[in-house]
>>> print(open('target_26.cif').read())   # mmCIF, C-alpha atoms
data_final
#
loop_
_atom_site.label_atom_id
_atom_site.label_comp_id
_atom_site.auth_asym_id
_atom_site.auth_seq_id
_atom_site.Cartn_x
_atom_site.Cartn_y
_atom_site.Cartn_z
CA MET A 1 0.00 0.00 0.00
CA ALA A 2 2.82 2.38 0.98
CA LYS A 3 4.66 1.41 -2.21
CA GLN A 4 1.58 2.26 -4.27
CA SER A 5 1.38 5.65 -2.54
CA LYS A 6 5.05 6.33 -3.34
CA ILE A 7 4.45 5.50 -7.00
CA ASP A 8 1.41 7.80 -7.05
CA HIS A 9 3.46 10.61 -5.51
CA LEU A 10 6.26 10.10 -8.06
CA LEU A 11 3.70 10.13 -10.87
CA PHE A 12 2.25 13.35 -9.47
CA LEU A 13 5.71 14.96 -9.41
CA ILE A 14 6.30 13.93 -13.03
CA ILE A 15 2.91 15.39 -14.06
CA VAL A 16 3.72 18.65 -12.24
CA ALA A 17 7.11 18.83 -14.02
CA LEU A 18 5.52 18.16 -17.42
CA LEU A 19 2.78 20.74 -16.82
CA ALA A 20 5.40 23.30 -15.75
CA TRP A 21 7.31 22.64 -18.97
CA VAL A 22 4.35 22.59 -21.37
CA ILE A 23 2.81 25.79 -19.96
CA PRO A 24 5.12 28.06 -17.93
CA GLY A 25 3.52 28.38 -14.48
CA GLY A 26 1.28 25.36 -15.11
CA GLY A 27 3.07 23.29 -12.50
CA HIS A 28 2.48 25.88 -9.79
CA PHE A 29 -1.14 26.23 -10.88
CA ALA A 30 -1.59 22.46 -10.50
CA ILE A 31 -0.43 22.57 -6.87
CA LYS A 32 -2.81 25.44 -6.04
CA GLU A 33 -0.09 28.11 -6.14
CA ARG A 34 -2.22 30.20 -8.47
CA LYS A 35 -0.63 33.60 -7.92
CA ARG A 36 2.84 32.16 -8.56
CA GLY A 37 1.53 30.37 -11.64
CA ILE A 38 0.05 33.53 -13.13
CA ILE A 39 3.17 35.61 -12.38
CA ILE A 40 5.44 32.96 -13.92
CA PHE A 41 3.23 32.50 -16.99
CA VAL A 42 3.00 36.22 -17.73
CA THR A 43 6.69 36.94 -17.10
CA ILE A 44 8.17 34.01 -19.05
CA THR A 45 5.73 34.38 -21.95
CA LEU A 46 6.40 38.13 -22.21
CA THR A 47 10.18 37.61 -22.03
CA PHE A 48 10.06 34.96 -24.75
CA LEU A 49 7.73 36.98 -27.00
CA THR A 50 9.91 40.08 -26.56
CA GLY A 51 12.88 38.04 -27.80
CA LEU A 52 10.89 36.83 -30.81
CA TYR A 53 9.67 40.37 -31.52
CA VAL A 54 13.16 41.90 -31.40
CA GLY A 55 15.08 39.21 -33.26
CA SER A 56 12.20 37.58 -35.21
CA VAL A 57 11.45 33.85 -35.23
CA ALA A 58 14.91 33.33 -36.79
CA VAL A 59 16.45 33.41 -33.29
CA VAL A 60 15.10 29.87 -32.81
CA ASP A 61 17.67 28.00 -34.87
CA ALA A 62 17.86 24.28 -34.15
CA VAL A 63 20.68 23.69 -36.64
CA GLY A 64 22.99 26.72 -36.62
CA SER A 65 22.89 27.44 -32.89
CA TRP A 66 21.68 24.26 -31.23
CA PRO A 67 23.12 24.95 -27.73
CA TRP A 68 20.88 28.05 -27.54
CA TYR A 69 18.01 26.02 -28.95
CA VAL A 70 18.30 23.48 -26.13
CA ALA A 71 17.83 26.27 -23.56
CA GLN A 72 15.01 27.84 -25.63
CA MET A 73 13.22 24.49 -25.68
CA ALA A 74 13.08 24.59 -21.88
CA ALA A 75 10.56 27.45 -22.19
CA SER A 76 7.96 25.17 -23.78
CA PRO A 77 7.74 22.30 -26.28
CA ALA A 78 5.91 24.79 -28.53
CA VAL A 79 9.37 26.20 -29.36
CA GLY A 80 9.87 23.04 -31.44
CA MET A 81 7.07 24.20 -33.75
CA ILE A 82 8.83 27.54 -34.26
CA ALA A 83 12.05 25.61 -35.02
CA ASN A 84 10.19 23.66 -37.70
CA ILE A 85 9.07 26.92 -39.30
CA THR A 86 12.58 28.43 -39.28
CA ARG A 87 14.33 25.21 -40.41
CA SER A 88 13.69 26.16 -44.05
CA GLY A 89 15.99 29.20 -43.70
CA GLU A 90 13.28 31.52 -44.98
CA TYR A 91 13.65 33.88 -42.02
CA VAL A 92 16.98 35.53 -41.26
CA SER A 93 18.25 37.77 -38.50
CA TYR A 94 21.72 39.17 -37.86
CA GLY A 95 23.61 41.53 -35.61
CA ARG A 96 22.36 43.13 -32.41
CA PRO A 97 18.63 42.26 -32.84
CA PHE A 98 19.61 38.60 -33.27
CA ASP A 99 21.82 38.72 -30.14
CA ILE A 100 19.14 40.40 -28.02
CA GLY A 101 16.40 38.08 -29.29
CA GLN A 102 18.49 34.99 -28.66
CA ILE A 103 19.46 36.13 -25.17
CA TYR A 104 15.83 36.93 -24.25
CA THR A 105 14.42 33.63 -25.51
CA THR A 106 17.25 31.60 -23.94
CA ILE A 107 16.95 33.34 -20.57
CA ALA A 108 13.16 32.70 -20.71
CA GLY A 109 13.90 28.99 -21.16
CA MET A 110 16.41 28.91 -18.33
CA LEU A 111 14.03 30.78 -16.02
CA ASN A 112 11.42 28.14 -16.81
CA ILE A 113 13.88 25.43 -15.70
CA LEU A 114 14.08 27.26 -12.36
CA CYS A 115 10.26 27.30 -12.23
CA ILE A 116 10.00 23.58 -13.09
CA VAL A 117 12.41 22.72 -10.26
CA SER A 118 10.52 25.06 -7.91
CA ALA A 119 7.12 23.50 -8.78
CA VAL A 120 8.41 19.94 -8.36
CA TYR A 121 10.08 20.82 -5.05
CA MET A 122 6.91 22.46 -3.75
CA ALA A 123 4.86 19.45 -4.85
CA TYR A 124 7.37 17.14 -3.16
CA CYS A 125 7.08 19.11 0.09
CA GLY A 126 3.27 19.15 -0.16
CA ARG A 127 3.20 22.95 -0.44
CA GLY A 128 0.00 22.92 -2.49
CA GLU A 129 -1.84 21.18 0.32
CA MET A 130 -0.13 23.23 3.01
CA ILE A 131 -0.59 26.82 1.87
CA GLY A 132 -2.97 26.52 -1.06
CA ASP A 133 -5.95 27.60 1.05
CA GLU A 134 -3.89 30.17 2.90
CA GLU A 135 -3.06 31.84 -0.40
CA ASN A 136 -6.76 32.15 -1.21
CA ASP A 137 -7.53 33.75 2.15
CA VAL A 138 -5.14 36.65 1.56
CA MET B 139 -6.67 34.76 -42.02
CA THR B 140 -8.04 38.21 -41.23
CA PHE B 141 -6.01 41.37 -41.61
CA GLU B 142 -5.04 42.00 -37.95
CA PRO B 143 -3.59 38.55 -37.12
CA ALA B 144 -1.55 38.74 -40.34
CA ILE B 145 0.02 42.02 -39.21
CA LEU B 146 0.57 40.60 -35.72
CA LEU B 147 2.36 37.53 -37.11
CA ALA B 148 4.38 39.64 -39.54
CA THR B 149 5.96 41.53 -36.63
CA PHE B 150 7.58 38.26 -35.54
CA THR B 151 9.03 37.40 -38.95
CA ALA B 152 11.30 40.43 -39.39
CA PRO B 153 13.85 41.65 -36.81
CA GLU B 154 13.65 45.10 -35.26
CA ASN B 155 16.13 47.76 -36.29
CA ILE B 156 18.58 48.05 -33.38
CA GLY B 157 22.05 49.41 -33.98
CA THR B 158 25.26 48.55 -32.14
CA THR B 159 25.04 51.69 -30.03
CA PRO B 160 25.45 52.17 -26.26
CA GLN B 161 21.67 52.72 -26.11
CA SER B 162 21.09 49.13 -27.17
CA MET B 163 22.46 48.08 -23.78
CA LEU B 164 19.22 49.42 -22.26
CA TRP B 165 17.59 46.21 -23.50
CA MET B 166 19.12 44.44 -20.50
CA PHE B 167 16.78 46.18 -18.04
CA PRO B 168 13.53 44.39 -19.03
CA LEU B 169 15.48 41.14 -18.83
CA LEU B 170 16.74 42.02 -15.35
CA ALA B 171 13.13 42.75 -14.34
CA SER B 172 12.06 39.29 -15.60
CA ILE B 173 14.87 37.60 -13.69
CA ALA B 174 14.03 39.50 -10.49
CA ILE B 175 10.29 38.68 -10.75
CA ILE B 176 10.80 34.97 -11.47
CA TYR B 177 13.46 34.59 -8.79
CA LYS B 178 11.25 36.16 -6.14
CA ALA B 179 8.15 34.26 -7.34
CA THR B 180 9.95 30.95 -6.81
CA LYS B 181 11.77 31.91 -3.62
CA MET B 182 9.13 33.57 -1.41
CA ARG B 183 7.44 31.09 0.89
CA VAL B 184 4.10 32.89 1.08
CA LEU B 185 3.30 35.18 -1.81
CA LEU B 186 1.65 38.45 -0.80
CA TRP B 187 1.37 41.08 -3.50
CA GLY B 188 2.82 43.94 -1.41
CA SER B 189 5.90 42.16 -0.13
CA PHE B 190 6.41 40.43 -3.49
CA LEU B 191 6.43 43.69 -5.44
CA ARG B 192 8.69 45.35 -2.87
CA SER B 193 11.28 42.54 -2.81
CA ALA B 194 11.20 42.10 -6.61
CA THR B 195 11.78 45.85 -7.04
CA ILE B 196 14.68 45.80 -4.56
CA LEU B 197 16.26 42.85 -6.38
CA PHE B 198 15.77 44.56 -9.76
CA CYS B 199 17.47 47.73 -8.47
CA THR B 200 20.34 45.69 -6.95
CA LEU B 201 20.91 43.83 -10.22
CA SER B 202 20.71 47.07 -12.23
CA VAL B 203 23.21 48.87 -9.99
CA PHE B 204 25.59 45.88 -10.17
CA MET B 205 25.37 45.76 -13.97
CA VAL B 206 25.94 49.51 -14.31
CA LEU B 207 28.94 49.35 -11.94
CA SER B 208 30.32 46.39 -13.93
CA ALA B 209 29.95 48.37 -17.16
CA ILE B 210 31.73 51.37 -15.63
CA SER B 211 34.56 49.14 -14.33
CA LEU B 212 35.01 47.51 -17.75
CA LYS B 213 34.98 50.94 -19.40
CA ILE B 214 37.74 52.15 -17.02
CA ILE B 215 39.84 49.02 -17.71
CA VAL B 216 39.46 49.52 -21.48
CA TRP B 217 40.37 53.21 -21.08
CA PHE B 218 43.55 52.26 -19.14
CA VAL B 219 44.56 49.55 -21.62
CA THR B 220 43.88 51.47 -24.82
CA GLY B 221 44.39 55.06 -23.66
#
>>> encode(input="target_26.cif", output="structure tokens")
Amino acid sequence: MAKQSKIDHLLFLIIVALLAWVIPGGGHFAIKERKRGIIIFVTITLTFLTGLYVGSVAVVDAVGSWPWYVAQMAASPAVGMIANITRSGEYVSYGRPFDIGQIYTTIAGMLNILCIVSAVYMAYCGRGEMIGDEENDV
Amino acid sequence: MTFEPAILLATFTAPENIGTTPQSMLWMFPLLASIAIIYKATKMRVLLWGSFLRSATILFCTLSVFMVLSAISLKIIVWFVTG
């Protein structure tokens, strides 16, 4: 019985991690940390979109700059769809806009890694059950 | 596709015009704000809007001051080396 509970808990942690990756802030939302979830979603999405706006979708380059792409992918699996669009080489970006766009999108991905770890840790500690109601009272 | 979404999507297909000027360094400040907000959102045990905004602002200012001081230090080093 205890073993089953451990497996359930592990499965829950994996689901929280996946949710946090698929939608930034989704992991925190799942463990009733709604304010955190909204703040994370808005901030990471805006940071990523700012990068795309400044440098264009060409900053997501899975072939030419794959180390950056790995970090960008941490923002969301949806980045893979953008990489498919840019793979044709139809969109180009150079110079300072490319640098700024790449830095923004990569930092957004790395910040999401921090949020994934935070959501999983909070779920592991039972934070959602502990302070989820408390957050609503404030 | 209607007209407005086409324009919206088009803004993401061409890069903005930003030159290699000292002013382009100002682009780091929105990024510093994002880092400060996310760091505080993950670190604070209980999230209250007032204390969250205050501590995120303090962290943003600290990061900004550190970055400006770093830039000044690097500028002085370059001035000594090249001047």
>>> closest_atom_pairs(input="target_26.cif", of="chain A", to="chain B", cutoff="7 Å", atoms="all atoms listed in the file", output="Markdown table")
| residue | atom | partner | partner_atom | distance |
| --- | --- | --- | --- | --- |
| A:Arg36 | CA | B:Ala179 | CA | 5.8 |
| A:Ile40 | CA | B:Ile176 | CA | 6.2 |
| A:Thr43 | CA | B:Ser172 | CA | 6.1 |
| A:Thr47 | CA | B:Ser172 | CA | 6.9 |
| A:Leu52 | CA | B:Phe150 | CA | 5.9 |
| A:Tyr53 | CA | B:Phe150 | CA | 5.0 |
| A:Val54 | CA | B:Glu154 | CA | 5.0 |
| A:Gly55 | CA | B:Pro153 | CA | 4.5 |
| A:Ser56 | CA | B:Pro153 | CA | 4.7 |
| A:Val57 | CA | B:Thr151 | CA | 5.7 |
| A:Tyr91 | CA | B:Thr151 | CA | 6.6 |
| A:Ser93 | CA | B:Pro153 | CA | 6.1 |
| A:Arg96 | CA | B:Thr158 | CA | 6.2 |
| A:Pro97 | CA | B:Ile156 | CA | 5.8 |
| A:Tyr104 | CA | B:Leu169 | CA | 6.9 |
| A:Leu111 | CA | B:Ile176 | CA | 7.0 |
| A:Cys115 | CA | B:Thr180 | CA | 6.5 |
| A:Ser118 | CA | B:Thr180 | CA | 6.0 |
>>> write_last_selection(input="target_26.cif", atoms="C-alpha atoms", output="mmCIF file, in the frame of the given file")
data_model
loop_
_atom_site.group_PDB
_atom_site.id
_atom_site.type_symbol
_atom_site.label_atom_id
_atom_site.label_comp_id
_atom_site.auth_asym_id
_atom_site.auth_seq_id
_atom_site.Cartn_x
_atom_site.Cartn_y
_atom_site.Cartn_z
ATOM 1 C CA ARG A 36 2.840 32.160 -8.560
ATOM 2 C CA ILE A 40 5.440 32.960 -13.920
ATOM 3 C CA THR A 43 6.690 36.940 -17.100
ATOM 4 C CA THR A 47 10.180 37.610 -22.030
ATOM 5 C CA LEU A 52 10.890 36.830 -30.810
ATOM 6 C CA TYR A 53 9.670 40.370 -31.520
ATOM 7 C CA VAL A 54 13.160 41.900 -31.400
ATOM 8 C CA GLY A 55 15.080 39.210 -33.260
ATOM 9 C CA SER A 56 12.200 37.580 -35.210
ATOM 10 C CA VAL A 57 11.450 33.850 -35.230
ATOM 11 C CA TYR A 91 13.650 33.880 -42.020
ATOM 12 C CA SER A 93 18.250 37.770 -38.500
ATOM 13 C CA ARG A 96 22.360 43.130 -32.410
ATOM 14 C CA PRO A 97 18.630 42.260 -32.840
ATOM 15 C CA TYR A 104 15.830 36.930 -24.250
ATOM 16 C CA LEU A 111 14.030 30.780 -16.020
ATOM 17 C CA CYS A 115 10.260 27.300 -12.230
ATOM 18 C CA SER A 118 10.520 25.060 -7.910
#
>>> resolve_selection(input="target_26.cif", expression="the PyMOL selection byres ((chain A and resi 78-90) around 8)", output="PyMOL selection string")
chain A and resi 22+57-58+60-63+72-73+75-77+91-92
>>> residues_around(input="target_26.cif", residues="B:Ser202", least_positions_apart="4", cutoff="10 Å", atoms="only C-alpha atoms", output="number ranges by chain")
B: 166-167, 170-171, 196-198, 206-208
>>> atom_distance(input="target_26.cif", atom1="atom CA of A:Ile113", atom2="atom CA of A:Ala74")
6.3 Å
>>> atom_distance(input="target_26.cif", atom1="atom CA of A:Pro67", atom2="atom CA of A:Phe98")
15.1 Å
>>> residues_around(input="target_26.cif", residues="stretch 2-16 of chain A", least_positions_apart="5", cutoff="12 Å", atoms="all atoms listed in the file", output="list in words")
Trp21, Val22, Ile23, Pro24, Gly25, Gly26, Gly27, His28, Phe29, Ala30, Ile31, Lys32, Glu33, Gly37, Cys115, Ile116, Val117, Ser118, Ala119, Val120, Tyr121, Met122, Ala123, Tyr124, Cys125, Gly126 and Gly128 of chain A
>>> atom_distance(input="target_26.cif", atom1="atom CA of A:Thr45", atom2="atom CA of A:Ala17")
17.5 Å
>>> closest_residue(input="target_26.cif", among="B:Val219, B:Ala174, B:Lys213, B:Ser189", to="B:Leu201", atoms="only C-alpha atoms")
B:Ala174
>>> closest_residue(input="target_26.cif", among="A:Gly51, A:Gly64, A:Val70, A:Arg127", to="A:Gly101", atoms="only C-alpha atoms")
A:Gly51
>>> decode(input="target_26.cif", residues="stretch 3-15 of chain A", atoms="all heavy atoms", output="PDB file, in the first residue's frame")
ATOM      1  N   LYS A   3       3.922   1.378  -0.950  1.00  0.00           N
ATOM      2  CA  LYS A   3       4.663   1.411  -2.210  1.00  0.00           C
ATOM      3  C   LYS A   3       3.800   2.056  -3.306  1.00  0.00           C
ATOM      4  O   LYS A   3       4.279   2.862  -4.100  1.00  0.00           O
ATOM      5  CB  LYS A   3       5.059  -0.014  -2.595  1.00  0.00           C
ATOM      6  CG  LYS A   3       6.120  -0.066  -3.687  1.00  0.00           C
ATOM      7  CD  LYS A   3       6.508  -1.486  -3.999  1.00  0.00           C
ATOM      8  CE  LYS A   3       7.475  -1.520  -5.172  1.00  0.00           C
ATOM      9  NZ  LYS A   3       7.768  -2.894  -5.578  1.00  0.00           N
ATOM     10  N   GLN A   4       2.510   1.694  -3.298  1.00  0.00           N
ATOM     11  CA  GLN A   4       1.577   2.263  -4.268  1.00  0.00           C
ATOM     12  C   GLN A   4       1.498   3.783  -4.099  1.00  0.00           C
ATOM     13  O   GLN A   4       1.495   4.535  -5.068  1.00  0.00           O
ATOM     14  CB  GLN A   4       0.192   1.623  -4.052  1.00  0.00           C
ATOM     15  CG  GLN A   4      -0.857   2.083  -5.035  1.00  0.00           C
ATOM     16  CD  GLN A   4      -0.571   1.611  -6.461  1.00  0.00           C
ATOM     17  OE1 GLN A   4      -0.046   0.526  -6.661  1.00  0.00           O
ATOM     18  NE2 GLN A   4      -0.872   2.464  -7.431  1.00  0.00           N
ATOM     19  N   SER A   5       1.459   4.232  -2.830  1.00  0.00           N
ATOM     20  CA  SER A   5       1.384   5.654  -2.538  1.00  0.00           C
ATOM     21  C   SER A   5       2.629   6.393  -3.039  1.00  0.00           C
ATOM     22  O   SER A   5       2.536   7.511  -3.547  1.00  0.00           O
ATOM     23  CB  SER A   5       1.225   5.838  -1.028  1.00  0.00           C
ATOM     24  OG  SER A   5       1.290   7.189  -0.711  1.00  0.00           O
ATOM     25  N   LYS A   6       3.798   5.734  -2.871  1.00  0.00           N
ATOM     26  CA  LYS A   6       5.054   6.330  -3.336  1.00  0.00           C
ATOM     27  C   LYS A   6       5.044   6.485  -4.854  1.00  0.00           C
ATOM     28  O   LYS A   6       5.480   7.505  -5.393  1.00  0.00           O
ATOM     29  CB  LYS A   6       6.244   5.441  -2.927  1.00  0.00           C
ATOM     30  CG  LYS A   6       6.944   5.896  -1.668  1.00  0.00           C
ATOM     31  CD  LYS A   6       8.208   5.102  -1.454  1.00  0.00           C
ATOM     32  CE  LYS A   6       8.938   5.597  -0.229  1.00  0.00           C
ATOM     33  NZ  LYS A   6      10.136   4.792   0.050  1.00  0.00           N
ATOM     34  N   ILE A   7       4.527   5.448  -5.527  1.00  0.00           N
ATOM     35  CA  ILE A   7       4.454   5.499  -6.998  1.00  0.00           C
ATOM     36  C   ILE A   7       3.504   6.614  -7.432  1.00  0.00           C
ATOM     37  O   ILE A   7       3.797   7.366  -8.362  1.00  0.00           O
ATOM     38  CB  ILE A   7       4.019   4.128  -7.565  1.00  0.00           C
ATOM     39  CG1 ILE A   7       5.129   3.097  -7.330  1.00  0.00           C
ATOM     40  CG2 ILE A   7       3.699   4.213  -9.059  1.00  0.00           C
ATOM     41  CD1 ILE A   7       4.724   1.670  -7.588  1.00  0.00           C
ATOM     42  N   ASP A   8       2.372   6.735  -6.740  1.00  0.00           N
ATOM     43  CA  ASP A   8       1.411   7.801  -7.051  1.00  0.00           C
ATOM     44  C   ASP A   8       2.048   9.174  -6.891  1.00  0.00           C
ATOM     45  O   ASP A   8       1.843  10.066  -7.707  1.00  0.00           O
ATOM     46  CB  ASP A   8       0.189   7.707  -6.124  1.00  0.00           C
ATOM     47  CG  ASP A   8      -0.723   6.561  -6.539  1.00  0.00           C
ATOM     48  OD1 ASP A   8      -0.510   6.017  -7.648  1.00  0.00           O
ATOM     49  OD2 ASP A   8      -1.622   6.208  -5.757  1.00  0.00           O
ATOM     50  N   HIS A   9       2.818   9.330  -5.791  1.00  0.00           N
ATOM     51  CA  HIS A   9       3.462  10.606  -5.511  1.00  0.00           C
ATOM     52  C   HIS A   9       4.483  10.937  -6.601  1.00  0.00           C
ATOM     53  O   HIS A   9       4.559  12.078  -7.062  1.00  0.00           O
ATOM     54  CB  HIS A   9       4.132  10.557  -4.140  1.00  0.00           C
ATOM     55  CG  HIS A   9       4.600  11.896  -3.653  1.00  0.00           C
ATOM     56  ND1 HIS A   9       3.761  12.977  -3.498  1.00  0.00           N
ATOM     57  CD2 HIS A   9       5.834  12.342  -3.321  1.00  0.00           C
ATOM     58  CE1 HIS A   9       4.450  14.014  -3.077  1.00  0.00           C
ATOM     59  NE2 HIS A   9       5.711  13.665  -2.969  1.00  0.00           N
ATOM     60  N   LEU A  10       5.248   9.913  -7.013  1.00  0.00           N
ATOM     61  CA  LEU A  10       6.257  10.103  -8.062  1.00  0.00           C
ATOM     62  C   LEU A  10       5.582  10.503  -9.380  1.00  0.00           C
ATOM     63  O   LEU A  10       6.036  11.410 -10.079  1.00  0.00           O
ATOM     64  CB  LEU A  10       7.069   8.816  -8.244  1.00  0.00           C
ATOM     65  CG  LEU A  10       8.276   8.911  -9.172  1.00  0.00           C
ATOM     66  CD1 LEU A  10       9.351   9.815  -8.577  1.00  0.00           C
ATOM     67  CD2 LEU A  10       8.864   7.538  -9.442  1.00  0.00           C
ATOM     68  N   LEU A  11       4.459   9.828  -9.654  1.00  0.00           N
ATOM     69  CA  LEU A  11       3.703  10.132 -10.873  1.00  0.00           C
ATOM     70  C   LEU A  11       3.189  11.573 -10.835  1.00  0.00           C
ATOM     71  O   LEU A  11       3.229  12.298 -11.836  1.00  0.00           O
ATOM     72  CB  LEU A  11       2.531   9.156 -10.995  1.00  0.00           C
ATOM     73  CG  LEU A  11       1.918   9.007 -12.387  1.00  0.00           C
ATOM     74  CD1 LEU A  11       2.925   8.404 -13.348  1.00  0.00           C
ATOM     75  CD2 LEU A  11       0.660   8.160 -12.319  1.00  0.00           C
ATOM     76  N   PHE A  12       2.736  11.976  -9.653  1.00  0.00           N
ATOM     77  CA  PHE A  12       2.245  13.348  -9.466  1.00  0.00           C
ATOM     78  C   PHE A  12       3.366  14.361  -9.730  1.00  0.00           C
ATOM     79  O   PHE A  12       3.160  15.373 -10.407  1.00  0.00           O
ATOM     80  CB  PHE A  12       1.687  13.500  -8.049  1.00  0.00           C
ATOM     81  CG  PHE A  12       1.245  14.899  -7.718  1.00  0.00           C
ATOM     82  CD1 PHE A  12       0.207  15.506  -8.409  1.00  0.00           C
ATOM     83  CD2 PHE A  12       1.878  15.609  -6.703  1.00  0.00           C
ATOM     84  CE1 PHE A  12      -0.195  16.797  -8.108  1.00  0.00           C
ATOM     85  CE2 PHE A  12       1.477  16.898  -6.402  1.00  0.00           C
ATOM     86  CZ  PHE A  12       0.448  17.492  -7.093  1.00  0.00           C
ATOM     87  N   LEU A  13       4.568  14.055  -9.202  1.00  0.00           N
ATOM     88  CA  LEU A  13       5.708  14.962  -9.407  1.00  0.00           C
ATOM     89  C   LEU A  13       6.055  15.072 -10.890  1.00  0.00           C
ATOM     90  O   LEU A  13       6.362  16.165 -11.395  1.00  0.00           O
ATOM     91  CB  LEU A  13       6.936  14.476  -8.626  1.00  0.00           C
ATOM     92  CG  LEU A  13       6.822  14.460  -7.104  1.00  0.00           C
ATOM     93  CD1 LEU A  13       8.133  14.005  -6.482  1.00  0.00           C
ATOM     94  CD2 LEU A  13       6.440  15.821  -6.563  1.00  0.00           C
ATOM     95  N   ILE A  14       5.993  13.925 -11.585  1.00  0.00           N
ATOM     96  CA  ILE A  14       6.297  13.934 -13.034  1.00  0.00           C
ATOM     97  C   ILE A  14       5.259  14.763 -13.786  1.00  0.00           C
ATOM     98  O   ILE A  14       5.598  15.553 -14.669  1.00  0.00           O
ATOM     99  CB  ILE A  14       6.373  12.484 -13.581  1.00  0.00           C
ATOM    100  CG1 ILE A  14       7.598  11.771 -13.005  1.00  0.00           C
ATOM    101  CG2 ILE A  14       6.446  12.470 -15.108  1.00  0.00           C
ATOM    102  CD1 ILE A  14       7.629  10.273 -13.245  1.00  0.00           C
ATOM    103  N   ILE A  15       3.980  14.617 -13.401  1.00  0.00           N
ATOM    104  CA  ILE A  15       2.911  15.392 -14.060  1.00  0.00           C
ATOM    105  C   ILE A  15       3.105  16.888 -13.811  1.00  0.00           C
ATOM    106  O   ILE A  15       2.962  17.703 -14.726  1.00  0.00           O
ATOM    107  CB  ILE A  15       1.518  14.908 -13.574  1.00  0.00           C
ATOM    108  CG1 ILE A  15       1.232  13.522 -14.138  1.00  0.00           C
ATOM    109  CG2 ILE A  15       0.423  15.887 -13.990  1.00  0.00           C
ATOM    110  CD1 ILE A  15       0.049  12.822 -13.521  1.00  0.00           C
TER     111      ILE A  15
END
